[in-house]
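S.K.: What follows is a structure written as C-alpha cells; I'll ask about it next.
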Amino acid sequence: MRRRRVVVTGAGVVCSLGSTAGELWDGLVAKRSGIAPVTRFDPSRFRSRLAGEVDDSAVELPPGPFRFEFKRMSAFVRYALSAADQAVADSGLAVRAHDDAGTPRADLPPGGAVFLGVAMGGLPSIEAGVLRQENQGVRRTSPFLIPSLIPNMAASAIALQHGITDEQMTIAGACASGSQAVGEAMRAIRSGARTWALAGGAEAVTTPITYSGFQAMTALSRHDDPAGTPRPFDRRRDGMVVGEAAAVFLLEDRAHAEARGARWYGELTGYATNSGCDDITGISTPHVVRVMADALADAAVATDAVDCVYAQASGMVRGDAAELAAVTELVSGARRQPVVTSIKGHTGYTFGANGPMNLAAALMALRHQTVSPTLKYEQTDPAFADVDIPVDARRTELRHCLINAFGFGGINASLVVSRD
C-alpha cells in the first residue's frame, strides 16, 4: 500500500512569547524570555516563583455556538481552540461562509480529524473546584467544573468549533502527549484513513498544586531572576520553570495540498514512540537513543543528514544530561554532527505542549533556514563540551530536524520534519 506524504499547511501557537507562530519565532531569534514572576496566584510560599504565562488578553475566542461555554473552560481548552483556529486560517483549507444568523464560519472539507495531546488537563479547575466546595459549600460548585477539567475537552472544543464529526482523539502520554498526537495524526493520513487533521498539544497548569508537587520532587528551579533560569544544558542548571502553551497544526495529505495549490512549512517524515525508563520520572538514555533512531528510520533519514535537534531539554540536571548523552551516542558514527538547541529558556516547560512547541520552532527554523538559540546557556557542561549548542540565532542550511519529547513513566516520542 502506498504511504501518503504528510505536510504541515497551517500552524497556530499560544505561548508566553506571543500568540502566533510568528511571534514565537521572533521571540526565539531575538533571545527574548517569556519567563516572569507568577501572577496567577501568590507564589511566596514556594521556592519557585516564576512561570512562562500566556497573556490572556491576546487570546481571542472566535464566534461559535459554544462560545459562552468555552470562555468558562480551563485555560488549556481556550489556548488549544485559539491555536487551532490560527492553524485552520493559516492553512487556507476552510471555505468561508455564514450561518443562518449571519455569523461567519469556516467550513472544513470532510475527511478530517482532531488529535490532541494533554498531560494534566484542567488541574487548575480541579484545585479551584475543591477549594470552592470546601470553603463555600457544594451549592457553590460551578456547573462548568466537570467539562472544564476533563482532558478531552480541548479536542472536543476544536471539533465542535469547526464542525468536525469524524475521529476525535485525546492522548494523555505525560509530556510526550503532544508529539504522540502529531505522530498518530501523521499515521492516519499516511494510511489514507484521513485526508487532513488538526493535531498538537495544550497545557496550562500554573496553579499552587503544580508547584507544590514539583517542588516536593525538587524539579523546579530555585532562581528568582527570570533572566537566569531555566538554563537548558548549562552547567549551572537547577530545574525547570512551569510554562503555559498550545501549539496546533493542520496536517494534510501532500497530494491534496498540491491539488488546491497550498504552500506548507515542511513535511512530517518520521515518527516513533516507545516505553522505557530507569525510574518513573527519569529519562533513559538507551530508550531515547532507540526512539530517535526509529524516528529517523521511519523517515528514511540517515544520522549524517540530521541538521538540528530540538531537544526536550528543560533545564533539569539529570534529564538534560541523559538526553545529550543519547544524542551523542546516536550520532557517534556520523560524519557530521547536528546542532542541538532548546526553547525552554524562552518559554518554560509546557508539559503536553512540549513536542508541538518544539515542532513549531523547527518548522519556522526550516522556513527561515536559521537555528534558534538556547537562551541562558552560558557555561558548558564538561561532559558535553563537544556538542554544538548555539547561543545565538544561526543561519545555516537545514533539511531535517529531529524533535524530542519525553514523559513520566518512560514515554518517549520523536518526530522528524523535513524541507523539500
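So you can find residues: chains in the C-alpha cells are A, B, ... in the order shown, residues in each start at 1, and ligands are numbered from 1 in order.
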From a DSSP pass on the backbone, collect the residues of segment 59-222 of chain A flagged as strand (DSSP E or B) and hand them back as a list in words.

M.R.: Val95, Arg96, Ala97, His98, Pro104, Arg105, Ala106, Asp107, Val114, Phe115, Leu116, Gly117, Gln168, Met169, Thr170, Ile171, Trp196, Ala197, Leu198, Ala199, Gly200, Gly201, Ala202, Glu203 and Leu220 of chain A

S.K.: For Thr285 of chain A, work out the shell of residues within 7 Å, counting only C-alpha atoms and skipping chain neighbours fewer than 6 positions away, then give it as a PDB file with N, CA and C atoms, in the first residue's frame.

M.R.:
ATOM      1  N   ALA A 322      20.996  13.153  30.358  1.00  0.00           N
ATOM      2  CA  ALA A 322      20.608  11.890  29.727  1.00  0.00           C
ATOM      3  C   ALA A 322      20.270  12.080  28.262  1.00  0.00           C
ATOM      4  N   GLU A 323      19.598  13.204  27.940  1.00  0.00           N
ATOM      5  CA  GLU A 323      19.243  13.447  26.543  1.00  0.00           C
ATOM      6  C   GLU A 323      20.473  13.762  25.704  1.00  0.00           C
ATOM      7  N   ALA A 325      23.480  12.773  26.286  1.00  0.00           N
ATOM      8  CA  ALA A 325      24.211  11.508  26.141  1.00  0.00           C
ATOM      9  C   ALA A 325      23.594  10.667  25.035  1.00  0.00           C
ATOM     10  N   ALA A 326      22.265  10.677  24.940  1.00  0.00           N
ATOM     11  CA  ALA A 326      21.577   9.913  23.902  1.00  0.00           C
ATOM     12  C   ALA A 326      21.869  10.473  22.517  1.00  0.00           C
TER      13      ALA A 326
END

S.K.: Each residue of segment 288-377 of chain A with at least one atom at most 9 Å from segment 10-29 of chain A should appear once, together with its nearest atom pair and the corresponding distance in Å (one decimal); atoms considered: only C-alpha atoms; ordering: chain, then increasing residue number; output as a tab-separated table.

M.R.:
residue	atom	partner	partner_atom	distance
A:Ile343	CA	A:Leu28	CA	7.3
A:His346	CA	A:Leu28	CA	6.8
A:Thr347	CA	A:Ser16	CA	5.9
A:Gly348	CA	A:Ser16	CA	8.5
A:Thr350	CA	A:Cys15	CA	9.0
A:Met357	CA	A:Val13	CA	7.7
A:Ala360	CA	A:Ala21	CA	6.7
A:Ala361	CA	A:Trp25	CA	6.5
A:Met364	CA	A:Trp25	CA	6.6
A:Ala365	CA	A:Trp25	CA	8.2
A:Thr370	CA	A:Val29	CA	8.6
A:Val371	CA	A:Val29	CA	8.3
A:Ser372	CA	A:Val29	CA	5.4
A:Pro373	CA	A:Val29	CA	6.6
A:Thr374	CA	A:Leu28	CA	8.6
A:Leu375	CA	A:Leu28	CA	8.2

S.K.: Kindly give the distance, in Å, that separates atom CA of Met240 of chain A and atom CA of Gly121 of chain A, rounded to a single decimal.

M.R.: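 These two atoms are separated by 19.2 Å.
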
S.K.: Measuring atom to atom with only C-alpha atoms, identify which of A:Arg78, A:Arg231, A:His368, A:Arg254 is nearest to Ala313 of chain A.

M.R.: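 For Ala313 of chain A, the nearest of the given residues is A:Arg231.
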
S.K.: At what distance in Å, to one decimal, does atom CA of Leu296 of chain A lie from atom CA of Pro390 of chain A?

M.R.: 22.7 Å

S.K.: Which residue is closest to Ala128 of chain A? Choose from A:Ile189, A:Ala302, A:Ile146, A:Ala393 and count only C-alpha atoms.

M.R.: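 Going through A:Ile189, A:Ala302, A:Ile146, A:Ala393 one by one, the smallest distance to Ala128 of chain A is for A:Ile146.
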
S.K.: Can you write out as a tab-separated table which residues of segment 39-66 of chain A fall within 10 Å of segment 83-94 of chain A, alongside each residue's closest atom pair and its distance in Å to one decimal, counting only C-alpha atoms and ordering rows by chain and ascending residue number?

M.R.:
residue	atom	partner	partner_atom	distance
A:Val59	CA	A:Ala83	CA	9.1
A:Glu60	CA	A:Asp85	CA	9.8
A:Leu61	CA	A:Asp85	CA	8.7
A:Pro62	CA	A:Asp85	CA	8.0

S.K.: When DSSP is applied to the backbone of this structure, which of segment 268-384 of chain A are assigned alpha helix (DSSP H)? Write them out as an MDAnalysis selection string.

M.R.: chainID A and resid 285:299 317:330 344:347 354:368

S.K.: What lies within 12 Å of Thr328 of chain A using only C-alpha atoms, ignoring chain neighbours under 4 positions off, as a PDB file with C-alpha atoms, in the first residue's frame?

M.R.:
ATOM      1  CA  THR A 285      19.472   7.211  27.528  1.00  0.00           C
ATOM      2  CA  PRO A 286      19.235   3.794  25.767  1.00  0.00           C
ATOM      3  CA  VAL A 288      15.893   7.707  23.934  1.00  0.00           C
ATOM      4  CA  VAL A 289      18.607   6.576  21.513  1.00  0.00           C
ATOM      5  CA  MET A 292      15.327   8.794  17.875  1.00  0.00           C
ATOM      6  CA  THR A 303      22.018  10.221  11.162  1.00  0.00           C
ATOM      7  CA  VAL A 309      17.813  18.538  17.199  1.00  0.00           C
ATOM      8  CA  ALA A 321      22.438  15.094  30.677  1.00  0.00           C
ATOM      9  CA  ALA A 322      20.608  11.890  29.727  1.00  0.00           C
ATOM     10  CA  GLU A 323      19.243  13.447  26.543  1.00  0.00           C
ATOM     11  CA  LEU A 324      22.594  14.879  25.465  1.00  0.00           C
ATOM     12  CA  SER A 332      28.678   8.880  17.299  1.00  0.00           C
ATOM     13  CA  GLY A 333      29.446   7.267  13.937  1.00  0.00           C
ATOM     14  CA  ALA A 334      28.093  10.082  11.782  1.00  0.00           C
ATOM     15  CA  ARG A 336      28.752  15.369  10.733  1.00  0.00           C
ATOM     16  CA  GLN A 337      27.195  16.441  13.997  1.00  0.00           C
ATOM     17  CA  PRO A 338      23.827  18.200  14.354  1.00  0.00           C
ATOM     18  CA  VAL A 339      23.226  21.451  16.166  1.00  0.00           C
ATOM     19  CA  VAL A 340      21.304  20.802  19.414  1.00  0.00           C
ATOM     20  CA  ALA A 383      30.715  16.128  29.905  1.00  0.00           C
ATOM     21  CA  PHE A 384      29.261  17.535  26.668  1.00  0.00           C
ATOM     22  CA  ALA A 385      31.849  20.052  25.566  1.00  0.00           C
ATOM     23  CA  ASP A 386      31.808  18.631  22.031  1.00  0.00           C
ATOM     24  CA  VAL A 387      28.057  19.128  21.496  1.00  0.00           C
ATOM     25  CA  ASP A 388      27.237  22.088  19.253  1.00  0.00           C
TER      26      ASP A 388
END

S.K.: Between atom CA of Pro147 of chain A and atom CA of Glu134 of chain A, what distance in Å does the model show, to one decimal?

M.R.: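 Going from atom CA of Pro147 of chain A over to atom CA of Glu134 of chain A, I get 19.8 Å.
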
S.K.: Env of Gly239 of chain A: 7 Å cut, atoms = only C-alpha atoms, seq-sep filter 2 positions within chain, self excluded. Answer as a ChimeraX atom specification.

M.R.: /A:219-221,230,237,241,315-317

S.K.: Using only C-alpha atoms, which residues sit within 6 Å of Gly352 of chain A once same-chain residues fewer than 6 positions away are excluded, as a short mmCIF file (atom, residue, chain, number, x, y, z; two decimals) with N, CA and C atoms, in the first residue's frame?

M.R.:
data_model
loop_
_atom_site.label_atom_id
_atom_site.label_comp_id
_atom_site.auth_asym_id
_atom_site.auth_seq_id
_atom_site.Cartn_x
_atom_site.Cartn_y
_atom_site.Cartn_z
N GLY A 117 -2.82 16.27 22.31
CA GLY A 117 -2.13 15.74 23.48
C GLY A 117 -2.27 16.67 24.67
N VAL A 118 -2.61 16.10 25.82
CA VAL A 118 -2.77 16.85 27.06
C VAL A 118 -2.22 15.99 28.20
N ALA A 119 -1.38 16.58 29.04
CA ALA A 119 -0.81 15.81 30.15
C ALA A 119 -1.66 15.90 31.41
N CYS A 175 4.39 14.20 29.24
CA CYS A 175 4.96 15.31 28.47
C CYS A 175 5.29 14.93 27.03
N SER A 177 2.76 13.73 25.24
CA SER A 177 1.40 13.67 24.70
C SER A 177 1.25 14.36 23.35
N GLY A 178 1.73 15.60 23.27
CA GLY A 178 1.56 16.36 22.04
C GLY A 178 2.28 15.77 20.86
N GLY A 201 -0.79 19.96 20.90
CA GLY A 201 -0.87 19.76 22.35
C GLY A 201 -1.16 21.08 23.04
N ALA A 202 -1.68 20.98 24.27
CA ALA A 202 -2.01 22.18 25.04
C ALA A 202 -1.84 21.89 26.53
N GLU A 203 -1.39 22.90 27.26
CA GLU A 203 -1.23 22.75 28.72
C GLU A 203 -1.21 24.13 29.38
#

S.K.: Using only C-alpha atoms, find each residue of segment 193-293 of chain A with at least one atom at most 10 Å away from an atom of segment 398-407 of chain A; report its shortest atom-to-atom pair and that distance in Å (one decimal), sort the rows by chain and rising residue number, and return the result as JSON lines.

M.R.:
{"residue": "A:Gly266", "atom": "CA", "partner": "A:Arg399", "partner_atom": "CA", "distance": 9.3}
{"residue": "A:Glu267", "atom": "CA", "partner": "A:His400", "partner_atom": "CA", "distance": 9.5}
{"residue": "A:Leu268", "atom": "CA", "partner": "A:His400", "partner_atom": "CA", "distance": 9.8}
{"residue": "A:Thr269", "atom": "CA", "partner": "A:His400", "partner_atom": "CA", "distance": 9.0}
{"residue": "A:Gly270", "atom": "CA", "partner": "A:Leu402", "partner_atom": "CA", "distance": 8.8}
{"residue": "A:Tyr271", "atom": "CA", "partner": "A:Ile403", "partner_atom": "CA", "distance": 9.4}
{"residue": "A:Thr273", "atom": "CA", "partner": "A:Phe406", "partner_atom": "CA", "distance": 9.4}
{"residue": "A:Asn274", "atom": "CA", "partner": "A:Phe406", "partner_atom": "CA", "distance": 9.8}
{"residue": "A:Ser275", "atom": "CA", "partner": "A:Gly407", "partner_atom": "CA", "distance": 9.7}
{"residue": "A:Cys277", "atom": "CA", "partner": "A:Gly407", "partner_atom": "CA", "distance": 9.8}
{"residue": "A:Ile280", "atom": "CA", "partner": "A:Gly407", "partner_atom": "CA", "distance": 9.2}
{"residue": "A:Thr281", "atom": "CA", "partner": "A:Gly407", "partner_atom": "CA", "distance": 7.5}
{"residue": "A:Gly282", "atom": "CA", "partner": "A:Gly407", "partner_atom": "CA", "distance": 8.4}
{"residue": "A:Ile283", "atom": "CA", "partner": "A:Phe406", "partner_atom": "CA", "distance": 7.3}
{"residue": "A:Ser284", "atom": "CA", "partner": "A:Phe406", "partner_atom": "CA", "distance": 9.7}
{"residue": "A:Val288", "atom": "CA", "partner": "A:Phe406", "partner_atom": "CA", "distance": 8.4}
{"residue": "A:Val291", "atom": "CA", "partner": "A:Asn404", "partner_atom": "CA", "distance": 9.1}
{"residue": "A:Met292", "atom": "CA", "partner": "A:Leu402", "partner_atom": "CA", "distance": 7.7}

S.K.: Would you put the residues from that selection into a file with all heavy atoms, as a compact mmCIF listing (two decimals), in the first residue's frame?

M.R.:
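Ended up saving to again_24.txt:
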# COMPACT_ATOMS: atom_id res chain seq x y z
N GLY A 266 6.68 22.49 6.04
CA GLY A 266 7.60 21.38 5.97
C GLY A 266 6.81 20.08 5.90
O GLY A 266 5.57 20.07 5.97
N GLU A 267 7.53 19.00 5.75
CA GLU A 267 6.91 17.68 5.64
C GLU A 267 7.26 16.85 6.87
O GLU A 267 8.44 16.75 7.25
CB GLU A 267 7.40 16.98 4.38
CG GLU A 267 6.78 15.60 4.18
CD GLU A 267 7.19 14.95 2.86
OE1 GLU A 267 7.79 15.65 2.02
OE2 GLU A 267 6.91 13.75 2.69
N LEU A 268 6.25 16.26 7.49
CA LEU A 268 6.48 15.32 8.58
C LEU A 268 6.90 13.99 7.95
O LEU A 268 6.11 13.35 7.25
CB LEU A 268 5.23 15.13 9.42
CG LEU A 268 4.95 16.22 10.45
CD1 LEU A 268 3.56 16.05 11.05
CD2 LEU A 268 5.99 16.18 11.56
N THR A 269 8.13 13.61 8.20
CA THR A 269 8.65 12.42 7.53
C THR A 269 8.88 11.23 8.46
O THR A 269 8.99 10.10 8.00
CB THR A 269 9.99 12.76 6.84
OG1 THR A 269 10.87 13.42 7.77
CG2 THR A 269 9.75 13.68 5.64
N GLY A 270 8.96 11.47 9.77
CA GLY A 270 9.24 10.36 10.68
C GLY A 270 8.60 10.53 12.04
O GLY A 270 8.42 11.65 12.52
N TYR A 271 8.27 9.40 12.65
CA TYR A 271 7.70 9.40 14.00
C TYR A 271 7.97 8.05 14.65
O TYR A 271 7.89 7.00 14.00
CB TYR A 271 6.19 9.64 13.94
CG TYR A 271 5.43 9.29 15.19
CD1 TYR A 271 5.70 9.91 16.41
CD2 TYR A 271 4.41 8.34 15.15
CE1 TYR A 271 4.98 9.58 17.55
CE2 TYR A 271 3.68 8.01 16.28
CZ TYR A 271 3.96 8.63 17.49
OH TYR A 271 3.26 8.31 18.62
N THR A 273 7.59 6.20 18.85
CA THR A 273 7.36 6.32 20.29
C THR A 273 7.65 4.98 20.94
O THR A 273 7.45 3.93 20.32
CB THR A 273 5.91 6.80 20.57
OG1 THR A 273 5.75 7.03 21.97
CG2 THR A 273 4.88 5.80 20.09
N ASN A 274 8.17 5.02 22.14
CA ASN A 274 8.45 3.77 22.85
C ASN A 274 8.31 3.98 24.35
O ASN A 274 7.98 5.07 24.81
CB ASN A 274 9.83 3.20 22.48
CG ASN A 274 11.00 4.03 22.98
OD1 ASN A 274 10.88 4.85 23.89
ND2 ASN A 274 12.17 3.84 22.37
N SER A 275 8.55 2.91 25.08
CA SER A 275 8.41 2.95 26.52
C SER A 275 9.66 2.37 27.17
O SER A 275 10.19 1.36 26.71
CB SER A 275 7.18 2.14 26.95
OG SER A 275 7.02 2.17 28.35
N CYS A 277 12.24 3.30 31.02
CA CYS A 277 12.92 4.27 31.86
C CYS A 277 13.66 3.54 32.98
O CYS A 277 13.40 2.37 33.27
CB CYS A 277 11.92 5.26 32.46
SG CYS A 277 10.60 4.52 33.43
N ILE A 280 10.67 6.08 37.42
CA ILE A 280 9.38 6.50 36.87
C ILE A 280 9.38 7.94 36.37
O ILE A 280 8.57 8.31 35.51
CB ILE A 280 8.27 6.27 37.92
CG1 ILE A 280 6.90 6.25 37.25
CG2 ILE A 280 8.33 7.31 39.02
CD1 ILE A 280 5.79 5.74 38.13
N THR A 281 10.28 8.78 36.86
CA THR A 281 10.31 10.18 36.42
C THR A 281 11.54 10.52 35.59
O THR A 281 11.67 11.66 35.14
CB THR A 281 10.27 11.12 37.64
OG1 THR A 281 11.41 10.89 38.46
CG2 THR A 281 9.00 10.90 38.44
N GLY A 282 12.43 9.55 35.39
CA GLY A 282 13.68 9.85 34.71
C GLY A 282 13.65 9.58 33.22
O GLY A 282 12.69 9.04 32.67
N ILE A 283 14.72 9.99 32.54
CA ILE A 283 14.91 9.75 31.11
C ILE A 283 16.00 8.71 30.95
O ILE A 283 17.09 8.85 31.49
CB ILE A 283 15.30 11.06 30.40
CG1 ILE A 283 14.14 12.07 30.47
CG2 ILE A 283 15.67 10.79 28.93
CD1 ILE A 283 14.50 13.43 29.92
N SER A 284 15.71 7.66 30.21
CA SER A 284 16.66 6.57 29.98
C SER A 284 17.39 6.79 28.67
O SER A 284 16.77 6.79 27.60
CB SER A 284 15.92 5.23 29.96
OG SER A 284 16.75 4.21 29.46
N VAL A 288 15.94 6.49 24.73
CA VAL A 288 15.89 7.71 23.93
C VAL A 288 16.69 7.54 22.65
O VAL A 288 16.26 7.98 21.58
CB VAL A 288 16.39 8.91 24.75
CG1 VAL A 288 16.58 10.15 23.87
CG2 VAL A 288 15.40 9.23 25.87
N VAL A 291 14.39 5.54 20.36
CA VAL A 291 13.23 6.24 19.78
C VAL A 291 13.68 7.22 18.71
O VAL A 291 13.02 7.37 17.67
CB VAL A 291 12.39 6.92 20.88
CG1 VAL A 291 13.00 8.24 21.36
CG2 VAL A 291 10.97 7.15 20.40
N MET A 292 14.82 7.89 18.91
CA MET A 292 15.33 8.79 17.87
C MET A 292 15.74 8.01 16.63
O MET A 292 15.44 8.44 15.50
CB MET A 292 16.50 9.61 18.42
CG MET A 292 16.12 10.63 19.47
SD MET A 292 17.48 11.76 19.91
CE MET A 292 18.65 10.63 20.68
